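Novice: Quick one: the structure is below, and I'll ask about it shortly.
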Amino acid sequence: MTYDILMALIVFAFVTSITPGPNNLMLMASGANFGFRRSIPHMLGIGLGFTIMVLLVGAGLVQVFDRYPVSYTALKIVSVAYLLYLAWKIAHAAPAKRSEASGIPMTFLQAAAFQWVNPKAWAMALTATTAYAPNQTLHAILLVALVFGAVNLPSVSTWTVLGQQMARVLTNPRRLVAFNWTMAALLLASLYPVLWPH
């Protein structure tokens with residue numbers, strides 16, 4: 001991989017990791033409802049889960065979709081259903097005081113597994129491996145995965161910190177409810193490119 005392609009890959013990884021999507025919106029909600037420290041397993045699950053996803057997609061998992069197109073449709077249905085469920089959970093998250101006692105942020109394994117039903121993660125992994133590792137060598141795929149691993153964690157941490165800072169404004173239960181419903185609506189809006197691709 002040339003220096004120019006590597007720089008382009010880093011920019012691509014940064015832009016796709018920092019922009020709004022299901023992972024970042026859920027982390028912002030987690031930061032607001034549970035704080036940064038309790039959201040660390042969620043952040044690490046995204047970072048490692050997506051890195052592993054890029055490796056497996058680059059290693060040939062995408063060929064399953066080429067060979068069995070119905071599997072892509074099935075994945076899309078499962079993804080939409082799971083995102084609807086997550087939006088419902090975010091919208092009905094407990095107010096701040098109850099969250100500390102009874103709320104449970106997403107775990108490491110849940111966040112890692114979520115990457116496999118996250119439409120944005122699939123789009124990022126497929127684009128990255130086909131555009132930046134077109135020869136599909138193990139070295140190139142590993143490099144793509146490592147770049148995403150290095151860029152992803154600081155990006156998702158930013159959204160968690162943003163949510164944590166918003167918690168200062170969300171001390172009123174009504175404001176927190178409004179915030180959670182807004183985050184749920186934005187999460188649903190992130191499905192638009194999946195349901196109505198251009």
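In the structure tokens, chains take the letters A, B, ... in the order shown, each chain's residues start at 1, and ligands count up from 1 in the order shown.
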So that I can check the surroundings of Leu27 (chain A), please list as a PyMOL selection string every protein, DNA and RNA residue that reaches within 9 Å of it, counting only C-alpha atoms and ignoring chain neighbours fewer than 3 positions away.
Specialist: chain A and resi 22-24+30-32+39+42-43+156-157+159-161+163
Novice: Restricting the output to N, CA, C and O atoms, write the selected residues as a PDB file, in the first residue's frame.
Specialist:
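What follows is the written file selection-v8.pdb:
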```pdb
ATOM      1  N   PRO A  22     -25.485   4.599  13.904  1.00  0.00           N
ATOM      2  CA  PRO A  22     -26.037   3.879  15.067  1.00  0.00           C
ATOM      3  C   PRO A  22     -25.078   3.779  16.252  1.00  0.00           C
ATOM      4  O   PRO A  22     -25.466   4.027  17.392  1.00  0.00           O
ATOM      5  N   ASN A  23     -23.811   3.413  16.007  1.00  0.00           N
ATOM      6  CA  ASN A  23     -22.854   3.300  17.121  1.00  0.00           C
ATOM      7  C   ASN A  23     -22.704   4.614  17.868  1.00  0.00           C
ATOM      8  O   ASN A  23     -22.791   4.660  19.098  1.00  0.00           O
ATOM      9  N   ASN A  24     -22.453   5.697  17.144  1.00  0.00           N
ATOM     10  CA  ASN A  24     -22.185   6.981  17.784  1.00  0.00           C
ATOM     11  C   ASN A  24     -23.413   7.542  18.491  1.00  0.00           C
ATOM     12  O   ASN A  24     -23.304   8.116  19.578  1.00  0.00           O
ATOM     13  N   SER A  30     -25.637   6.694  25.754  1.00  0.00           N
ATOM     14  CA  SER A  30     -25.035   5.994  26.888  1.00  0.00           C
ATOM     15  C   SER A  30     -24.244   6.955  27.765  1.00  0.00           C
ATOM     16  O   SER A  30     -24.321   6.900  28.996  1.00  0.00           O
ATOM     17  N   GLY A  31     -23.479   7.857  27.132  1.00  0.00           N
ATOM     18  CA  GLY A  31     -22.726   8.853  27.896  1.00  0.00           C
ATOM     19  C   GLY A  31     -23.638   9.740  28.714  1.00  0.00           C
ATOM     20  O   GLY A  31     -23.339  10.071  29.867  1.00  0.00           O
ATOM     21  N   ALA A  32     -24.780  10.120  28.139  1.00  0.00           N
ATOM     22  CA  ALA A  32     -25.724  10.986  28.846  1.00  0.00           C
ATOM     23  C   ALA A  32     -26.424  10.249  29.984  1.00  0.00           C
ATOM     24  O   ALA A  32     -26.668  10.811  31.050  1.00  0.00           O
ATOM     25  N   SER A  39     -19.631   3.479  30.191  1.00  0.00           N
ATOM     26  CA  SER A  39     -19.778   3.248  28.750  1.00  0.00           C
ATOM     27  C   SER A  39     -18.509   2.690  28.108  1.00  0.00           C
ATOM     28  O   SER A  39     -18.513   2.371  26.913  1.00  0.00           O
ATOM     29  N   HIS A  42     -18.818  -0.600  26.222  1.00  0.00           N
ATOM     30  CA  HIS A  42     -19.546  -0.353  24.976  1.00  0.00           C
ATOM     31  C   HIS A  42     -18.577   0.174  23.907  1.00  0.00           C
ATOM     32  O   HIS A  42     -18.553  -0.310  22.774  1.00  0.00           O
ATOM     33  N   MET A  43     -17.749   1.157  24.273  1.00  0.00           N
ATOM     34  CA  MET A  43     -16.785   1.734  23.327  1.00  0.00           C
ATOM     35  C   MET A  43     -15.774   0.689  22.856  1.00  0.00           C
ATOM     36  O   MET A  43     -15.484   0.575  21.660  1.00  0.00           O
ATOM     37  N   VAL A 156     -15.255   7.172  18.644  1.00  0.00           N
ATOM     38  CA  VAL A 156     -16.445   6.817  19.419  1.00  0.00           C
ATOM     39  C   VAL A 156     -16.375   7.395  20.831  1.00  0.00           C
ATOM     40  O   VAL A 156     -17.405   7.730  21.415  1.00  0.00           O
ATOM     41  N   SER A 157     -15.153   7.546  21.364  1.00  0.00           N
ATOM     42  CA  SER A 157     -15.006   8.152  22.687  1.00  0.00           C
ATOM     43  C   SER A 157     -15.504   9.593  22.685  1.00  0.00           C
ATOM     44  O   SER A 157     -16.075  10.067  23.671  1.00  0.00           O
ATOM     45  N   TRP A 159     -17.986  10.833  21.051  1.00  0.00           N
ATOM     46  CA  TRP A 159     -19.454  10.849  21.163  1.00  0.00           C
ATOM     47  C   TRP A 159     -19.903  10.540  22.586  1.00  0.00           C
ATOM     48  O   TRP A 159     -20.889  11.108  23.070  1.00  0.00           O
ATOM     49  N   THR A 160     -19.175   9.654  23.266  1.00  0.00           N
ATOM     50  CA  THR A 160     -19.513   9.337  24.657  1.00  0.00           C
ATOM     51  C   THR A 160     -19.285  10.553  25.549  1.00  0.00           C
ATOM     52  O   THR A 160     -20.111  10.874  26.408  1.00  0.00           O
ATOM     53  N   VAL A 161     -18.157  11.249  25.339  1.00  0.00           N
ATOM     54  CA  VAL A 161     -17.862  12.462  26.106  1.00  0.00           C
ATOM     55  C   VAL A 161     -18.917  13.526  25.833  1.00  0.00           C
ATOM     56  O   VAL A 161     -19.391  14.208  26.762  1.00  0.00           O
ATOM     57  N   GLY A 163     -22.027  13.040  25.020  1.00  0.00           N
ATOM     58  CA  GLY A 163     -23.215  12.643  25.770  1.00  0.00           C
ATOM     59  C   GLY A 163     -23.065  12.906  27.252  1.00  0.00           C
ATOM     60  O   GLY A 163     -23.991  13.390  27.914  1.00  0.00           O
TER      61      GLY A 163
END
```
Novice: Just the residues within 8 Å of Leu9 (chain A), please, counting only C-alpha atoms, with nothing from its chain fewer than 3 positions along; format it as an MDAnalysis selection string.
Specialist: chainID A and resid 5:6 12:13 128 132 144 147
Novice: With N, CA, C and O atoms kept, could you save the residues just selected as a compact mmCIF listing (two decimals), in the first residue's frame?
Specialist:
```txt
# COMPACT_ATOMS: atom_id res chain seq x y z
N ILE A 5 -2.28 6.13 -0.64
CA ILE A 5 -3.46 5.28 -0.36
C ILE A 5 -3.66 5.12 1.14
O ILE A 5 -4.79 5.17 1.63
N LEU A 6 -2.57 4.99 1.89
CA LEU A 6 -2.68 4.88 3.34
C LEU A 6 -3.29 6.15 3.94
O LEU A 6 -4.17 6.07 4.80
N PHE A 12 -10.60 8.25 5.27
CA PHE A 12 -11.86 7.52 5.13
C PHE A 12 -12.28 6.93 6.47
O PHE A 12 -13.45 7.04 6.88
N ALA A 13 -11.35 6.30 7.18
CA ALA A 13 -11.66 5.69 8.48
C ALA A 13 -12.11 6.74 9.47
O ALA A 13 -13.08 6.52 10.22
N ALA A 128 -14.22 -0.26 2.67
CA ALA A 128 -12.80 -0.21 3.05
C ALA A 128 -12.02 -1.37 2.45
O ALA A 128 -10.91 -1.17 1.92
N TYR A 132 -9.56 -0.18 -0.46
CA TYR A 132 -8.21 0.01 0.05
C TYR A 132 -7.41 -1.29 0.17
O TYR A 132 -6.22 -1.25 0.49
N VAL A 144 -5.79 -2.42 6.81
CA VAL A 144 -7.08 -1.71 6.82
C VAL A 144 -7.74 -1.86 8.19
O VAL A 144 -8.23 -0.89 8.77
N VAL A 147 -5.88 0.22 10.87
CA VAL A 147 -6.15 1.66 10.74
C VAL A 147 -7.51 1.97 11.36
O VAL A 147 -7.65 2.93 12.13
```
Novice: Between A:Asn152, A:Ser71, A:Gln165, A:Gln63, which has the minimum distance to Leu126 (chain A) (counting only C-alpha atoms)?
Specialist: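 Going through A:Asn152, A:Ser71, A:Gln165, A:Gln63 one by one, the smallest distance to Leu126 (chain A) is for A:Gln63.
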Novice: Using only C-alpha atoms, which of A:Val11, A:Asn118, A:Val177, A:Leu109 sits nearest Lys89 (chain A)?
Specialist: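 For Lys89 (chain A), the nearest of the candidates is A:Val177.
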Novice: Set the distance at 12 Å and use only C-alpha atoms: which residues neighbour Ala125 (chain A) once local chain neighbours fewer than 4 positions away are removed? I'd like the list as a ChimeraX atom specification.
Specialist: /A:9,12-13,16-17,49-62,115-116,118-121,129-133,141,144-145,147-149
Novice: Name all residues at most 12 Å from Tyr82 (chain A) (count only C-alpha atoms; drop same-chain ones fewer than 2 positions away) and give them as an NGL selection string.
Specialist: :A and (22 or 75-80 or 84-89 or 110 or 113-119 or 187-188 or 191)
Novice: With only C-alpha atoms as the basis for distance, which of A:Asn33, A:Gln136, A:Leu153, A:Arg38 is at the shortest distance from Val169 (chain A)?
Specialist: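 Of all the options, A:Asn33 lies closest to Val169 (chain A).
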Novice: Rounded to one decimal, what separation in Å do you get between CA of Met1 (chain A) and CA of Phe14 (chain A)?
Specialist: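 We find that CA of Met1 (chain A) and CA of Phe14 (chain A) lie 18.1 Å from each other.
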Novice: Tell me, as number ranges by chain, which residues lie within 12 Å of Thr182 (chain A), counting only C-alpha atoms; anything in the same chain fewer than 6 positions away does not count.
Specialist: A: 25-26, 28-29, 87-88, 90-92, 175-176, 188-189
Novice: How would the residues just picked look written out with all heavy atoms as a compact mmCIF listing (two decimals), in the first residue's frame?
Specialist:
```txt
# COMPACT_ATOMS: atom_id res chain seq x y z
N LEU A 25 -24.58 7.37 17.90
CA LEU A 25 -25.80 7.86 18.55
C LEU A 25 -26.08 7.09 19.84
O LEU A 25 -26.48 7.67 20.85
CB LEU A 25 -26.98 7.77 17.58
CG LEU A 25 -26.89 8.71 16.37
CD1 LEU A 25 -28.01 8.40 15.38
CD2 LEU A 25 -26.94 10.17 16.79
N MET A 26 -25.85 5.77 19.81
CA MET A 26 -26.07 4.98 21.03
C MET A 26 -25.04 5.33 22.10
O MET A 26 -25.36 5.36 23.29
CB MET A 26 -26.03 3.48 20.71
CG MET A 26 -27.25 3.03 19.93
SD MET A 26 -27.40 1.24 19.80
CE MET A 26 -25.83 0.76 19.15
N MET A 28 -23.62 8.29 22.47
CA MET A 28 -23.99 9.60 23.00
C MET A 28 -25.10 9.43 24.05
O MET A 28 -25.04 10.04 25.13
CB MET A 28 -24.47 10.50 21.86
CG MET A 28 -24.71 11.93 22.27
SD MET A 28 -25.11 12.88 20.78
CE MET A 28 -25.41 14.46 21.49
N ALA A 29 -26.08 8.59 23.74
CA ALA A 29 -27.15 8.31 24.70
C ALA A 29 -26.59 7.61 25.94
O ALA A 29 -26.99 7.92 27.07
CB ALA A 29 -28.23 7.46 24.05
N ALA A 87 -33.77 1.46 19.41
CA ALA A 87 -34.40 2.79 19.47
C ALA A 87 -35.45 2.81 20.57
O ALA A 87 -35.56 3.78 21.33
CB ALA A 87 -35.01 3.15 18.12
N TRP A 88 -36.22 1.75 20.69
CA TRP A 88 -37.24 1.66 21.75
C TRP A 88 -36.58 1.69 23.13
O TRP A 88 -37.03 2.38 24.03
CB TRP A 88 -38.05 0.38 21.57
CG TRP A 88 -39.16 0.25 22.56
CD1 TRP A 88 -40.42 0.75 22.48
CD2 TRP A 88 -39.09 -0.43 23.83
NE1 TRP A 88 -41.14 0.43 23.61
CE2 TRP A 88 -40.36 -0.29 24.45
CE3 TRP A 88 -38.10 -1.15 24.48
CZ2 TRP A 88 -40.63 -0.84 25.69
CZ3 TRP A 88 -38.37 -1.69 25.72
CH2 TRP A 88 -39.64 -1.53 26.31
N ILE A 90 -33.65 3.00 23.94
CA ILE A 90 -33.11 4.34 24.20
C ILE A 90 -34.24 5.29 24.58
O ILE A 90 -34.13 6.06 25.54
CB ILE A 90 -32.33 4.86 22.96
CG1 ILE A 90 -31.03 4.08 22.80
CG2 ILE A 90 -32.05 6.36 23.10
CD1 ILE A 90 -30.29 4.36 21.51
N ALA A 91 -35.33 5.24 23.84
CA ALA A 91 -36.46 6.14 24.11
C ALA A 91 -37.03 5.92 25.50
O ALA A 91 -37.51 6.86 26.14
CB ALA A 91 -37.55 5.94 23.06
N HIS A 92 -36.96 4.70 26.00
CA HIS A 92 -37.54 4.38 27.30
C HIS A 92 -36.48 4.19 28.39
O HIS A 92 -36.75 3.56 29.42
CB HIS A 92 -38.41 3.12 27.19
CG HIS A 92 -39.63 3.34 26.35
ND1 HIS A 92 -39.63 3.10 25.00
CD2 HIS A 92 -40.86 3.81 26.66
CE1 HIS A 92 -40.82 3.40 24.51
NE2 HIS A 92 -41.58 3.84 25.49
N ARG A 175 -36.20 16.83 30.35
CA ARG A 175 -35.18 17.06 29.32
C ARG A 175 -34.50 15.76 28.92
O ARG A 175 -34.21 15.54 27.75
CB ARG A 175 -34.13 18.05 29.82
CG ARG A 175 -34.59 19.49 29.74
CD ARG A 175 -33.44 20.43 30.07
NE ARG A 175 -33.89 21.35 31.10
CZ ARG A 175 -33.16 21.84 32.06
NH1 ARG A 175 -31.90 21.51 32.17
NH2 ARG A 175 -33.66 22.69 32.93
N LEU A 176 -34.24 14.89 29.89
CA LEU A 176 -33.61 13.61 29.59
C LEU A 176 -34.53 12.75 28.72
O LEU A 176 -34.08 12.12 27.76
CB LEU A 176 -33.24 12.85 30.87
CG LEU A 176 -32.53 11.51 30.66
CD1 LEU A 176 -31.20 11.72 29.94
CD2 LEU A 176 -32.31 10.81 31.99
N LEU A 188 -33.39 5.85 14.30
CA LEU A 188 -34.30 5.36 13.25
C LEU A 188 -34.01 6.06 11.92
O LEU A 188 -34.06 5.42 10.86
CB LEU A 188 -35.75 5.59 13.66
CG LEU A 188 -36.25 4.75 14.84
CD1 LEU A 188 -37.68 5.12 15.19
CD2 LEU A 188 -36.14 3.26 14.52
N ALA A 189 -33.68 7.34 11.97
CA ALA A 189 -33.36 8.08 10.74
C ALA A 189 -32.11 7.51 10.07
O ALA A 189 -31.98 7.58 8.85
CB ALA A 189 -33.18 9.56 11.05
```
Novice: Using only C-alpha atoms, which residue out of A:Thr2, A:Ser155, A:Gln164, A:Asn135 lies closest to Gly21 (chain A)?
Specialist: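 Going through A:Thr2, A:Ser155, A:Gln164, A:Asn135 one by one, the smallest distance to Gly21 (chain A) is for A:Ser155.
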Novice: If you run DSSP on the backbone here, which positions in region 6-197 of chain A get helix (DSSP H, G or I)? Please write them as JSON, numbers by chain.
Specialist: {"A": [6, 7, 8, 9, 10, 11, 12, 13, 14, 15, 16, 17, 18, 22, 23, 24, 25, 26, 27, 28, 29, 30, 31, 32, 33, 34, 35, 36, 37, 38, 39, 40, 41, 42, 43, 44, 45, 46, 47, 48, 49, 50, 51, 52, 53, 54, 55, 56, 57, 58, 59, 60, 61, 62, 63, 64, 65, 66, 67, 69, 70, 71, 72, 73, 74, 75, 76, 77, 78, 79, 80, 81, 82, 83, 84, 85, 86, 87, 88, 89, 90, 91, 96, 97, 98, 99, 100, 101, 102, 108, 109, 110, 111, 112, 113, 114, 115, 116, 117, 119, 120, 121, 122, 123, 124, 125, 126, 127, 128, 129, 130, 131, 132, 138, 139, 140, 141, 142, 143, 144, 145, 146, 147, 148, 149, 150, 151, 152, 153, 154, 155, 156, 157, 158, 159, 160, 161, 162, 163, 164, 165, 166, 173, 174, 175, 176, 177, 178, 179, 180, 181, 182, 183, 184, 185, 186, 187, 188, 189, 192, 193, 194, 195]}
Novice: Just to confirm, what's the straight-line distance from CA of Ala150 (chain A) to CA of Gly47 (chain A) in Å (one decimal)?
Specialist: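 These two atoms are separated by 8.4 Å.
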